[in-house]
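K.L.:
Quick one: this structure, given as structure tokens, is what I'll be asking you about.
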Amino acid sequence: DAYETILVETRGAVGLVTLNRPKALNALNAQLIRELCSALEAFEADDAIGAMVVAGGEKAFAAGADVKEMAAKTYAEAYLQDFVSDWKRVSALRKPLIAAVAGYALGGGCELAMMCDIVIAADDARFGQPEITLGIMPGFGGTQRLARAVGQAKAMDLILTGRMMDAAEAEGSGLVSRVVAPERVLDEALEAAAKIASFSRIAALAAKEAVQVAAESSLTEGVRFERRTFQALYATEDQKEGMAAFVEKRKPVFRNR
Ligand code: HXC
């Protein structure tokens, strides 16, 4: 496909999408959102791909939704077009998705990172929800996902003051799982994705789904979902292979069945 705002490549079993509007600090305009969703869905549909990475540039992962594009929008347009509802397509992906964040991840950029399953950050990364400074508020899930990721106290602070947090604060508060040097961030994400893609795809998708249920259910319901899903994996050849390989002290060969 001829994408204009993103770069798409595969590295073995990993699909990589790089946001590519560097002059606008990867501001997320409608075209970029459409292209990003299409590219991720194409990887989702591709049997050769086991995990995906979304990366930005050195200065910005993404500095937010495109303010220039949104500035003149009316309520009627926003409502009737169901503005920003496209993002449901990212959170509906079943294959694991990793964000490699260097530089600014602000507004919709921070929200995109939070839609990913794992966020790996460069030590120069800066996260924030500055929408309030523009007379609006987060609209791609930021109020919900940030509160779940870092807790209500820090989410309120960030969303109501618009301040940024650095990578250390983001890691300490649970938004980010690893912080590495800027020159390592993409490789760290690609290596993690390759590792995930090397496992049984059934196990990986089931594990992702179960962790997602944690955010949506009571502990009892979540543990019940986990147990049923865990039990179901005993119906797979990959479980037999994984355990046989352990016992026989060899590397497993997972066939995703
Ligand atoms: C459109 C943007 C942009 C954005 C940066 N640019 N962010 N364009 N939308 N979100 C453009 C600038 O206009 C400028 O273009 C170029 O990128 C470089 O940016 P500078 O501001 O010159 O860079 P710098 O001085 O280094 O400052 C970096 C920055 C700042 C701190 C990240 O750009 C900034 O504050 N950006 C806006 C961040 C923000 O408010 N994000 C939330 C957006 S609302 P020119 O043409 O002048 O060179 C949002 C809502 C989501 O995300 C919810 C759903 C609607």
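Just remember, in the structure tokens the first chain shown is A, the second B, etc., residues are 1-based per chain, and ligands are 1-based in the order shown.
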Please find the residues contacting ligand 1 at a distance of at most 6 Å between atoms, with only C-alpha atoms and all ligand atoms counted, and report them as a PyMOL selection string.

P.N.:
chain A and resi 23-25+27+63-68+104+106-108+130-131+138-140

K.L.:
If DSSP is run on the backbone, what residues of segment 20-149 of chain A are alpha helix (DSSP H)? A reply as a PDB file with N, CA, C and O atoms, in the first residue's frame would be ideal.

P.N.:
ATOM      1  N   ALA A  30      -5.980  13.026  10.387  1.00  0.00           N
ATOM      2  CA  ALA A  30      -6.932  11.963  10.008  1.00  0.00           C
ATOM      3  C   ALA A  30      -6.274  10.946   9.082  1.00  0.00           C
ATOM      4  O   ALA A  30      -6.504   9.740   9.207  1.00  0.00           O
ATOM      5  N   GLN A  31      -5.446  11.431   8.175  1.00  0.00           N
ATOM      6  CA  GLN A  31      -4.789  10.509   7.237  1.00  0.00           C
ATOM      7  C   GLN A  31      -3.855   9.559   7.982  1.00  0.00           C
ATOM      8  O   GLN A  31      -3.853   8.353   7.720  1.00  0.00           O
ATOM      9  N   LEU A  32      -3.073  10.098   8.912  1.00  0.00           N
ATOM     10  CA  LEU A  32      -2.140   9.239   9.661  1.00  0.00           C
ATOM     11  C   LEU A  32      -2.912   8.186  10.465  1.00  0.00           C
ATOM     12  O   LEU A  32      -2.533   7.018  10.493  1.00  0.00           O
ATOM     13  N   ILE A  33      -3.975   8.613  11.099  1.00  0.00           N
ATOM     14  CA  ILE A  33      -4.752   7.668  11.917  1.00  0.00           C
ATOM     15  C   ILE A  33      -5.317   6.554  11.024  1.00  0.00           C
ATOM     16  O   ILE A  33      -5.250   5.370  11.364  1.00  0.00           O
ATOM     17  N   ARG A  34      -5.839   6.955   9.871  1.00  0.00           N
ATOM     18  CA  ARG A  34      -6.398   5.974   8.924  1.00  0.00           C
ATOM     19  C   ARG A  34      -5.304   5.014   8.465  1.00  0.00           C
ATOM     20  O   ARG A  34      -5.489   3.792   8.450  1.00  0.00           O
ATOM     21  N   GLU A  35      -4.143   5.565   8.105  1.00  0.00           N
ATOM     22  CA  GLU A  35      -3.064   4.718   7.592  1.00  0.00           C
ATOM     23  C   GLU A  35      -2.515   3.804   8.687  1.00  0.00           C
ATOM     24  O   GLU A  35      -2.246   2.626   8.448  1.00  0.00           O
ATOM     25  N   LEU A  36      -2.347   4.348   9.892  1.00  0.00           N
ATOM     26  CA  LEU A  36      -1.840   3.538  11.007  1.00  0.00           C
ATOM     27  C   LEU A  36      -2.790   2.368  11.286  1.00  0.00           C
ATOM     28  O   LEU A  36      -2.348   1.218  11.423  1.00  0.00           O
ATOM     29  N   CYS A  37      -4.076   2.656  11.340  1.00  0.00           N
ATOM     30  CA  CYS A  37      -5.043   1.587  11.614  1.00  0.00           C
ATOM     31  C   CYS A  37      -5.013   0.537  10.505  1.00  0.00           C
ATOM     32  O   CYS A  37      -5.031  -0.670  10.777  1.00  0.00           O
ATOM     33  N   SER A  38      -4.940   0.968   9.235  1.00  0.00           N
ATOM     34  CA  SER A  38      -4.914   0.004   8.126  1.00  0.00           C
ATOM     35  C   SER A  38      -3.672  -0.862   8.199  1.00  0.00           C
ATOM     36  O   SER A  38      -3.736  -2.075   7.979  1.00  0.00           O
ATOM     37  N   ALA A  39      -2.526  -0.239   8.492  1.00  0.00           N
ATOM     38  CA  ALA A  39      -1.269  -0.997   8.515  1.00  0.00           C
ATOM     39  C   ALA A  39      -1.290  -2.016   9.653  1.00  0.00           C
ATOM     40  O   ALA A  39      -0.871  -3.171   9.476  1.00  0.00           O
ATOM     41  N   LEU A  40      -1.779  -1.598  10.818  1.00  0.00           N
ATOM     42  CA  LEU A  40      -1.822  -2.534  11.953  1.00  0.00           C
ATOM     43  C   LEU A  40      -2.815  -3.661  11.671  1.00  0.00           C
ATOM     44  O   LEU A  40      -2.554  -4.825  11.991  1.00  0.00           O
ATOM     45  N   GLU A  41      -3.931  -3.331  11.052  1.00  0.00           N
ATOM     46  CA  GLU A  41      -4.913  -4.375  10.727  1.00  0.00           C
ATOM     47  C   GLU A  41      -4.367  -5.342   9.676  1.00  0.00           C
ATOM     48  O   GLU A  41      -4.681  -6.535   9.710  1.00  0.00           O
ATOM     49  N   ALA A  42      -3.541  -4.837   8.762  1.00  0.00           N
ATOM     50  CA  ALA A  42      -2.929  -5.731   7.767  1.00  0.00           C
ATOM     51  C   ALA A  42      -1.965  -6.695   8.458  1.00  0.00           C
ATOM     52  O   ALA A  42      -1.933  -7.896   8.143  1.00  0.00           O
ATOM     53  N   PHE A  43      -1.206  -6.208   9.438  1.00  0.00           N
ATOM     54  CA  PHE A  43      -0.334  -7.109  10.207  1.00  0.00           C
ATOM     55  C   PHE A  43      -1.172  -8.096  11.020  1.00  0.00           C
ATOM     56  O   PHE A  43      -0.820  -9.274  11.141  1.00  0.00           O
ATOM     57  N   GLU A  44      -2.248  -7.607  11.577  1.00  0.00           N
ATOM     58  CA  GLU A  44      -3.135  -8.472  12.363  1.00  0.00           C
ATOM     59  C   GLU A  44      -3.634  -9.642  11.504  1.00  0.00           C
ATOM     60  O   GLU A  44      -3.760 -10.772  11.978  1.00  0.00           O
ATOM     61  N   ALA A  45      -3.896  -9.364  10.243  1.00  0.00           N
ATOM     62  CA  ALA A  45      -4.446 -10.383   9.335  1.00  0.00           C
ATOM     63  C   ALA A  45      -3.354 -11.266   8.723  1.00  0.00           C
ATOM     64  O   ALA A  45      -3.666 -12.248   8.051  1.00  0.00           O
ATOM     65  N   VAL A  67      -3.456  19.691  15.827  1.00  0.00           N
ATOM     66  CA  VAL A  67      -4.219  20.848  16.306  1.00  0.00           C
ATOM     67  C   VAL A  67      -4.690  21.696  15.129  1.00  0.00           C
ATOM     68  O   VAL A  67      -5.815  22.215  15.125  1.00  0.00           O
ATOM     69  N   LYS A  68      -3.840  21.803  14.093  1.00  0.00           N
ATOM     70  CA  LYS A  68      -4.218  22.644  12.944  1.00  0.00           C
ATOM     71  C   LYS A  68      -5.438  22.061  12.239  1.00  0.00           C
ATOM     72  O   LYS A  68      -6.302  22.791  11.766  1.00  0.00           O
ATOM     73  N   GLU A  69      -5.507  20.747  12.183  1.00  0.00           N
ATOM     74  CA  GLU A  69      -6.644  20.110  11.519  1.00  0.00           C
ATOM     75  C   GLU A  69      -7.928  20.195  12.360  1.00  0.00           C
ATOM     76  O   GLU A  69      -9.028  20.270  11.829  1.00  0.00           O
ATOM     77  N   MET A  70      -7.762  20.179  13.693  1.00  0.00           N
ATOM     78  CA  MET A  70      -8.938  20.131  14.570  1.00  0.00           C
ATOM     79  C   MET A  70      -9.513  21.517  14.873  1.00  0.00           C
ATOM     80  O   MET A  70     -10.640  21.627  15.356  1.00  0.00           O
ATOM     81  N   TYR A  75     -18.947  21.370  16.983  1.00  0.00           N
ATOM     82  CA  TYR A  75     -19.516  20.247  17.734  1.00  0.00           C
ATOM     83  C   TYR A  75     -20.318  19.329  16.810  1.00  0.00           C
ATOM     84  O   TYR A  75     -20.217  18.104  16.891  1.00  0.00           O
ATOM     85  N   ALA A  76     -21.115  19.928  15.932  1.00  0.00           N
ATOM     86  CA  ALA A  76     -21.947  19.112  15.038  1.00  0.00           C
ATOM     87  C   ALA A  76     -21.077  18.173  14.206  1.00  0.00           C
ATOM     88  O   ALA A  76     -21.387  16.982  14.059  1.00  0.00           O
ATOM     89  N   GLU A  77     -19.961  18.701  13.693  1.00  0.00           N
ATOM     90  CA  GLU A  77     -19.062  17.842  12.889  1.00  0.00           C
ATOM     91  C   GLU A  77     -18.439  16.752  13.759  1.00  0.00           C
ATOM     92  O   GLU A  77     -18.391  15.588  13.374  1.00  0.00           O
ATOM     93  N   ALA A  78     -17.931  17.157  14.932  1.00  0.00           N
ATOM     94  CA  ALA A  78     -17.274  16.189  15.812  1.00  0.00           C
ATOM     95  C   ALA A  78     -18.245  15.069  16.178  1.00  0.00           C
ATOM     96  O   ALA A  78     -17.901  13.883  16.141  1.00  0.00           O
ATOM     97  N   TYR A  79     -19.484  15.442  16.483  1.00  0.00           N
ATOM     98  CA  TYR A  79     -20.475  14.455  16.921  1.00  0.00           C
ATOM     99  C   TYR A  79     -20.937  13.591  15.758  1.00  0.00           C
ATOM    100  O   TYR A  79     -20.953  12.357  15.849  1.00  0.00           O
ATOM    101  N   LEU A  80     -21.311  14.215  14.657  1.00  0.00           N
ATOM    102  CA  LEU A  80     -21.872  13.445  13.543  1.00  0.00           C
ATOM    103  C   LEU A  80     -20.822  12.556  12.881  1.00  0.00           C
ATOM    104  O   LEU A  80     -21.125  11.458  12.438  1.00  0.00           O
ATOM    105  N   LYS A  88     -10.757   3.022  18.114  1.00  0.00           N
ATOM    106  CA  LYS A  88     -11.238   1.712  18.564  1.00  0.00           C
ATOM    107  C   LYS A  88     -10.514   0.594  17.822  1.00  0.00           C
ATOM    108  O   LYS A  88     -10.346  -0.492  18.340  1.00  0.00           O
ATOM    109  N   ARG A  89     -10.109   0.901  16.578  1.00  0.00           N
ATOM    110  CA  ARG A  89      -9.467  -0.135  15.753  1.00  0.00           C
ATOM    111  C   ARG A  89      -8.115  -0.546  16.340  1.00  0.00           C
ATOM    112  O   ARG A  89      -7.692  -1.683  16.183  1.00  0.00           O
ATOM    113  N   VAL A  90      -7.427   0.377  16.991  1.00  0.00           N
ATOM    114  CA  VAL A  90      -6.129   0.013  17.593  1.00  0.00           C
ATOM    115  C   VAL A  90      -6.355  -0.839  18.839  1.00  0.00           C
ATOM    116  O   VAL A  90      -5.703  -1.872  19.037  1.00  0.00           O
ATOM    117  N   SER A  91      -7.308  -0.435  19.661  1.00  0.00           N
ATOM    118  CA  SER A  91      -7.506  -1.194  20.900  1.00  0.00           C
ATOM    119  C   SER A  91      -8.185  -2.538  20.638  1.00  0.00           C
ATOM    120  O   SER A  91      -8.221  -3.383  21.531  1.00  0.00           O
ATOM    121  N   GLY A 108      -2.886  12.933  22.159  1.00  0.00           N
ATOM    122  CA  GLY A 108      -3.185  11.702  21.430  1.00  0.00           C
ATOM    123  C   GLY A 108      -1.967  10.791  21.288  1.00  0.00           C
ATOM    124  O   GLY A 108      -2.110   9.573  21.152  1.00  0.00           O
ATOM    125  N   GLY A 109      -0.759  11.341  21.345  1.00  0.00           N
ATOM    126  CA  GLY A 109       0.455  10.527  21.274  1.00  0.00           C
ATOM    127  C   GLY A 109       0.628   9.689  22.527  1.00  0.00           C
ATOM    128  O   GLY A 109       0.987   8.504  22.464  1.00  0.00           O
ATOM    129  N   CYS A 110       0.356  10.291  23.671  1.00  0.00           N
ATOM    130  CA  CYS A 110       0.395   9.552  24.936  1.00  0.00           C
ATOM    131  C   CYS A 110      -0.730   8.507  24.950  1.00  0.00           C
ATOM    132  O   CYS A 110      -0.544   7.367  25.376  1.00  0.00           O
ATOM    133  N   GLU A 111      -1.874   8.911  24.416  1.00  0.00           N
ATOM    134  CA  GLU A 111      -3.020   7.994  24.390  1.00  0.00           C
ATOM    135  C   GLU A 111      -2.771   6.816  23.453  1.00  0.00           C
ATOM    136  O   GLU A 111      -3.168   5.686  23.748  1.00  0.00           O
ATOM    137  N   LEU A 112      -2.096   7.070  22.327  1.00  0.00           N
ATOM    138  CA  LEU A 112      -1.730   5.963  21.432  1.00  0.00           C
ATOM    139  C   LEU A 112      -0.781   5.013  22.152  1.00  0.00           C
ATOM    140  O   LEU A 112      -0.947   3.790  22.094  1.00  0.00           O
ATOM    141  N   ALA A 113       0.220   5.563  22.848  1.00  0.00           N
ATOM    142  CA  ALA A 113       1.154   4.699  23.584  1.00  0.00           C
ATOM    143  C   ALA A 113       0.386   3.840  24.596  1.00  0.00           C
ATOM    144  O   ALA A 113       0.654   2.646  24.746  1.00  0.00           O
ATOM    145  N   MET A 114      -0.602   4.458  25.246  1.00  0.00           N
ATOM    146  CA  MET A 114      -1.365   3.705  26.257  1.00  0.00           C
ATOM    147  C   MET A 114      -2.294   2.653  25.650  1.00  0.00           C
ATOM    148  O   MET A 114      -2.742   1.753  26.360  1.00  0.00           O
ATOM    149  N   MET A 115      -2.595   2.759  24.352  1.00  0.00           N
ATOM    150  CA  MET A 115      -3.380   1.705  23.695  1.00  0.00           C
ATOM    151  C   MET A 115      -2.510   0.494  23.387  1.00  0.00           C
ATOM    152  O   MET A 115      -3.031  -0.568  23.056  1.00  0.00           O
ATOM    153  N   GLY A 142      -7.568   8.962  27.095  1.00  0.00           N
ATOM    154  CA  GLY A 142      -6.565   9.372  28.077  1.00  0.00           C
ATOM    155  C   GLY A 142      -7.068   9.438  29.510  1.00  0.00           C
ATOM    156  O   GLY A 142      -6.365   9.032  30.434  1.00  0.00           O
ATOM    157  N   THR A 143      -8.280   9.946  29.716  1.00  0.00           N
ATOM    158  CA  THR A 143      -8.761  10.054  31.101  1.00  0.00           C
ATOM    159  C   THR A 143      -8.940   8.674  31.720  1.00  0.00           C
ATOM    160  O   THR A 143      -8.728   8.489  32.918  1.00  0.00           O
ATOM    161  N   GLN A 144      -9.286   7.702  30.889  1.00  0.00           N
ATOM    162  CA  GLN A 144      -9.541   6.358  31.402  1.00  0.00           C
ATOM    163  C   GLN A 144      -8.254   5.544  31.525  1.00  0.00           C
ATOM    164  O   GLN A 144      -7.977   4.925  32.549  1.00  0.00           O
ATOM    165  N   ARG A 145      -7.458   5.536  30.449  1.00  0.00           N
ATOM    166  CA  ARG A 145      -6.258   4.682  30.482  1.00  0.00           C
ATOM    167  C   ARG A 145      -5.177   5.260  31.382  1.00  0.00           C
ATOM    168  O   ARG A 145      -4.460   4.509  32.043  1.00  0.00           O
ATOM    169  N   LEU A 146      -5.039   6.583  31.436  1.00  0.00           N
ATOM    170  CA  LEU A 146      -4.004   7.138  32.314  1.00  0.00           C
ATOM    171  C   LEU A 146      -4.370   6.879  33.778  1.00  0.00           C
ATOM    172  O   LEU A 146      -3.511   6.503  34.579  1.00  0.00           O
ATOM    173  N   ALA A 147      -5.642   7.055  34.115  1.00  0.00           N
ATOM    174  CA  ALA A 147      -6.060   6.789  35.496  1.00  0.00           C
ATOM    175  C   ALA A 147      -5.807   5.331  35.868  1.00  0.00           C
ATOM    176  O   ALA A 147      -5.358   5.029  36.981  1.00  0.00           O
ATOM    177  N   ARG A 148      -6.051   4.418  34.939  1.00  0.00           N
ATOM    178  CA  ARG A 148      -5.789   3.003  35.231  1.00  0.00           C
ATOM    179  C   ARG A 148      -4.292   2.716  35.289  1.00  0.00           C
ATOM    180  O   ARG A 148      -3.839   1.889  36.076  1.00  0.00           O
ATOM    181  N   ALA A 149      -3.508   3.390  34.437  1.00  0.00           N
ATOM    182  CA  ALA A 149      -2.072   3.086  34.378  1.00  0.00           C
ATOM    183  C   ALA A 149      -1.319   3.665  35.573  1.00  0.00           C
ATOM    184  O   ALA A 149      -0.469   2.993  36.152  1.00  0.00           O
TER     185      ALA A 149
END

K.L.:
If you run DSSP over the backbone, which residues in segment 8-215 of chain A end up strand (DSSP E)? Put them as an MDAnalysis selection string.

P.N.:
chainID A and resid 8:11 14:19 51:55 60:62 97:101 104:106 118:122 126:128 164:166 178:180

K.L.:
Could you dump the residues just selected with N, CA and C atoms as a tab-separated table (two decimals), in the first residue's frame?

P.N.:
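File written: selection.tsv
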chain	number	residue	atom	x	y	z
A	8	VAL	N	6.13	1.39	6.78
A	8	VAL	CA	5.72	0.06	7.21
A	8	VAL	C	6.76	-0.94	6.75
A	9	GLU	N	7.23	-1.77	7.67
A	9	GLU	CA	8.17	-2.83	7.28
A	9	GLU	C	7.98	-4.03	8.19
A	10	THR	N	8.52	-5.17	7.75
A	10	THR	CA	8.48	-6.35	8.61
A	10	THR	C	9.92	-6.74	8.93
A	11	ARG	N	10.12	-7.19	10.16
A	11	ARG	CA	11.42	-7.71	10.59
A	11	ARG	C	11.15	-9.12	11.09
A	14	VAL	N	7.89	-9.78	13.04
A	14	VAL	CA	7.45	-8.54	13.69
A	14	VAL	C	7.06	-7.51	12.63
A	15	GLY	N	5.91	-6.90	12.82
A	15	GLY	CA	5.47	-5.82	11.95
A	15	GLY	C	5.79	-4.48	12.60
A	16	LEU	N	6.46	-3.60	11.86
A	16	LEU	CA	6.87	-2.30	12.41
A	16	LEU	C	6.20	-1.18	11.64
A	17	VAL	N	5.53	-0.29	12.38
A	17	VAL	CA	4.98	0.92	11.78
A	17	VAL	C	5.69	2.11	12.42
A	18	THR	N	6.27	2.96	11.58
A	18	THR	CA	6.95	4.16	12.07
A	18	THR	C	6.14	5.38	11.64
A	19	LEU	N	5.70	6.16	12.61
A	19	LEU	CA	4.97	7.39	12.30
A	19	LEU	C	5.93	8.34	11.61
A	51	ALA	N	3.75	-10.22	16.33
A	51	ALA	CA	3.68	-9.07	17.23
A	51	ALA	C	4.03	-7.83	16.41
A	52	MET	N	3.65	-6.66	16.96
A	52	MET	CA	3.80	-5.41	16.21
A	52	MET	C	4.45	-4.34	17.08
A	53	VAL	N	5.15	-3.42	16.42
A	53	VAL	CA	5.76	-2.28	17.11
A	53	VAL	C	5.30	-1.00	16.43
A	54	VAL	N	4.94	0.00	17.22
A	54	VAL	CA	4.69	1.35	16.71
A	54	VAL	C	5.79	2.25	17.25
A	55	ALA	N	6.47	2.94	16.36
A	55	ALA	CA	7.55	3.85	16.76
A	55	ALA	C	7.30	5.23	16.17
A	60	ALA	N	10.04	13.12	18.60
A	60	ALA	CA	8.66	12.90	19.05
A	60	ALA	C	8.17	11.53	18.64
A	61	PHE	N	7.57	10.83	19.59
A	61	PHE	CA	6.74	9.68	19.24
A	61	PHE	C	5.51	10.23	18.51
A	62	ALA	N	4.79	11.11	19.16
A	62	ALA	CA	3.74	11.90	18.52
A	62	ALA	C	3.34	13.01	19.48
A	97	LEU	N	1.08	-5.53	20.84
A	97	LEU	CA	1.52	-4.29	20.20
A	97	LEU	C	2.40	-3.53	21.19
A	98	ILE	N	3.60	-3.17	20.77
A	98	ILE	CA	4.56	-2.47	21.63
A	98	ILE	C	4.77	-1.06	21.10
A	99	ALA	N	4.78	-0.08	21.99
A	99	ALA	CA	5.13	1.29	21.62
A	99	ALA	C	6.59	1.53	21.96
A	100	ALA	N	7.35	2.04	21.00
A	100	ALA	CA	8.74	2.47	21.23
A	100	ALA	C	8.72	3.99	21.24
A	101	VAL	N	8.85	4.57	22.44
A	101	VAL	CA	8.62	6.02	22.60
A	101	VAL	C	9.93	6.75	22.86
A	104	TYR	N	8.68	13.37	22.61
A	104	TYR	CA	7.35	13.73	23.11
A	104	TYR	C	6.29	12.67	22.80
A	105	ALA	N	5.54	12.31	23.81
A	105	ALA	CA	4.31	11.52	23.62
A	105	ALA	C	3.22	12.31	24.35
A	106	LEU	N	2.60	13.20	23.61
A	106	LEU	CA	1.67	14.17	24.24
A	106	LEU	C	0.26	14.00	23.69
A	118	ILE	N	2.59	-2.82	25.66
A	118	ILE	CA	3.84	-2.57	26.38
A	118	ILE	C	4.36	-1.23	25.88
A	119	VAL	N	4.81	-0.38	26.79
A	119	VAL	CA	5.43	0.88	26.39
A	119	VAL	C	6.90	0.83	26.81
A	120	ILE	N	7.79	0.91	25.83
A	120	ILE	CA	9.22	0.99	26.10
A	120	ILE	C	9.65	2.40	25.74
A	121	ALA	N	10.33	3.06	26.69
A	121	ALA	CA	10.62	4.49	26.51
A	121	ALA	C	12.12	4.74	26.48
A	122	ALA	N	12.51	5.73	25.70
A	122	ALA	CA	13.85	6.28	25.78
A	122	ALA	C	13.93	7.17	27.02
A	126	ARG	N	8.98	12.13	27.02
A	126	ARG	CA	8.17	13.02	27.86
A	126	ARG	C	6.71	12.72	27.57
A	127	PHE	N	5.97	12.42	28.62
A	127	PHE	CA	4.57	12.04	28.48
A	127	PHE	C	3.68	13.12	29.07
A	128	GLY	N	2.56	13.38	28.45
A	128	GLY	CA	1.64	14.35	29.03
A	128	GLY	C	0.32	14.39	28.29
A	164	MET	N	4.12	17.85	31.84
A	164	MET	CA	4.70	16.62	31.28
A	164	MET	C	5.41	15.83	32.36
A	165	MET	N	5.48	14.52	32.19
A	165	MET	CA	6.35	13.73	33.08
A	165	MET	C	7.46	13.10	32.25
A	166	ASP	N	8.62	12.96	32.89
A	166	ASP	CA	9.75	12.38	32.17
A	166	ASP	C	9.68	10.85	32.25
A	178	ARG	N	9.86	-0.30	30.55
A	178	ARG	CA	11.33	-0.28	30.48
A	178	ARG	C	11.76	1.09	29.98
A	179	VAL	N	12.87	1.58	30.54
A	179	VAL	CA	13.49	2.81	30.03
A	179	VAL	C	14.90	2.46	29.59
A	180	VAL	N	15.24	2.88	28.38
A	180	VAL	CA	16.57	2.57	27.82
A	180	VAL	C	17.14	3.83	27.17

K.L.:
As an exercise, work out the distance from atom CA of Arg163 of chain A to atom CA of Gly151 of chain A in Å and give it to one decimal place.

P.N.:
16.0 Å

K.L.:
Please, what distance in Å, to one decimal, runs between atom CA of Asn29 of chain A and atom CA of Ser85 of chain A?

P.N.:
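These two atoms are separated by 13.2 Å.
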
K.L.:
Between atom CA of Tyr3 of chain A and atom CA of Val176 of chain A, what is the distance in Å, rounded to a tenth?

P.N.:
28.9 Å

K.L.:
So that I can check the surroundings of segment 225-242 of chain A, please list as an MDAnalysis selection string every protein, DNA and RNA residue that reaches within 10 Å of it, counting only C-alpha atoms and ignoring chain neighbours fewer than 2 positions away.

P.N.:
chainID A and resid 199:203 206:207 209:211 213:214 217 219:223 244:247 250:257
